[in-house]
Each structure stands twice: as structure tokens, then as C-alpha cells.
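Here the structure comes first, spelled out in C-alpha cells, and everything after it is commentary.
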Amino acid sequence: MEISFTVNGVLKTVNIEDENTPLLWVIRDMLDLKGTKFGCGKAACGACTLHVDDEAVRSCSYPVKFAAGKKITTIEGLGDRQNPHPVQQAWVEEIVPQCGYCQPGFMMATAALLKKVPKPTDEDIDKNIINVCRCGTYYRMRKAIHKAAEIQAEKDINESNML
């Protein structure tokens, strides 16, 4: 079966035998985008978080058939070295990662949160960022989430002043 969707701005078509294959494995194994990680396989840890139509999704339990015709963004499509997403910039500035394995999922969950709640409170963060970090970098992540909100707000002001 052929399934088409847009990944990081590029239309992709995959030929897959089982349409219930988790999107995670299509992204990693068929499209060779390794930033999205496998953690638990049960949608509990969040290492596999990516965006489907701008919503944070745990891709280890999201059948690829549901991605048909949708827009998918992975950590590779969030930003790059020359133009990092505010979340990526804040993660670097706050030196968040320890081992780093779970960080792409946290950044994707955070980017989705900031689209909905541009200036999140600690309570908003606690309710929405429920990924798991074995290294325990939660304090630095919380600081980075607040910093990312500030960076995004500055960016929005600068862009509106250019209009």
C-alpha cells in the first residue's frame, strides 16, 4: 500500500505492507530521519514525539495510515543551525541535555505547547510536558521552556515591526 504525506516540507510516498506500522518506524527506517527516538513503544515516555498537523504525537503508537495526507514535522524540520527554532535555541543556551536521548521529544512537545500557550506557566508545563527524562534534567528544561517563550515573543515582535 502506498501512503503519502509531507515530512519537513517535502512530499513523501512510502510503500508499506502493514498500514498499522507505527509512524516512528517509517520515519526512522524508511525515511532515515533518526532524530525521533524509540523509547518505550507504549506512548508513555515521549522520546518519539513529533508533530502531525502541528499537534504533538507519540509516533511509536501512531499507525502510519493515520498520517496519510498530513503534514509531519520531526526534530530535523523544526529548525537548523543557521535558523534554530526558539526551543532549540533555548535548549542550547540553558545547556539542557545530559545524555540527550529524550531531548528531541521534549523539544517537539515544547514547540507544540508554545503554539497553543505562548507564555506557559509552570502549571501549564507540568500539565502538558509529560515526557520522561532518565537523567533528570527537568529543572533545566523548565528554564529552557520559559526562555523559548521569551525568544519566540521577541521574534514575533521583531517580525510584526517589519510589516
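Each chain in the C-alpha cells gets a letter, A, B and so on, in the order shown; residues start at 1 in every chain, and ligands are counted from 1 in the order they appear.
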Applying 9 Å and only C-alpha atoms, which residues near A:Leu113 remain after dropping the ones on its own chain fewer than 3 positions away? List them as a VMD selection string.
chain A and resid 55 to 56 108 to 110 116 to 118 120 124 to 125 128 to 129
Within 6 Å of stretch 63-69 of chain A, which residues of stretch 14-54 of chain A come that close, and what is the closest atom pair and distance in Å for each? Count only C-alpha atoms and give it as a tab-separated table.
residue	atom	partner	partner_atom	distance
A:Glu19	CA	A:Lys65	CA	5.1
A:Asn20	CA	A:Pro63	CA	4.5
A:Thr21	CA	A:Pro63	CA	5.4
A:Pro22	CA	A:Pro63	CA	4.5
A:Leu23	CA	A:Val64	CA	4.5
Enumerate as a list in words all residues of stretch 31-160 of chain A assigned to strand (DSSP E or B) by DSSP on the backbone, naming them with the chain letters and numbers the document uses.
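Filtering stretch 31-160 of chain A down to strand (DSSP E or B) leaves Thr49, Leu50, His51, Val52, Glu55, Ala56, Val57, Arg58, Pro63, Lys71, Ile72 and Thr73 of chain A.
Note that atom CA of A:Met30 and atom CA of A:Val7 are 12.2 Å apart.
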I'd like the contact shell of A:Lys70 - 8 Å cut-off, only C-alpha atoms, skipping same-chain residues fewer than 6 positions apart - returned as a ChimeraX atom specification.
/A:5-6,52-53
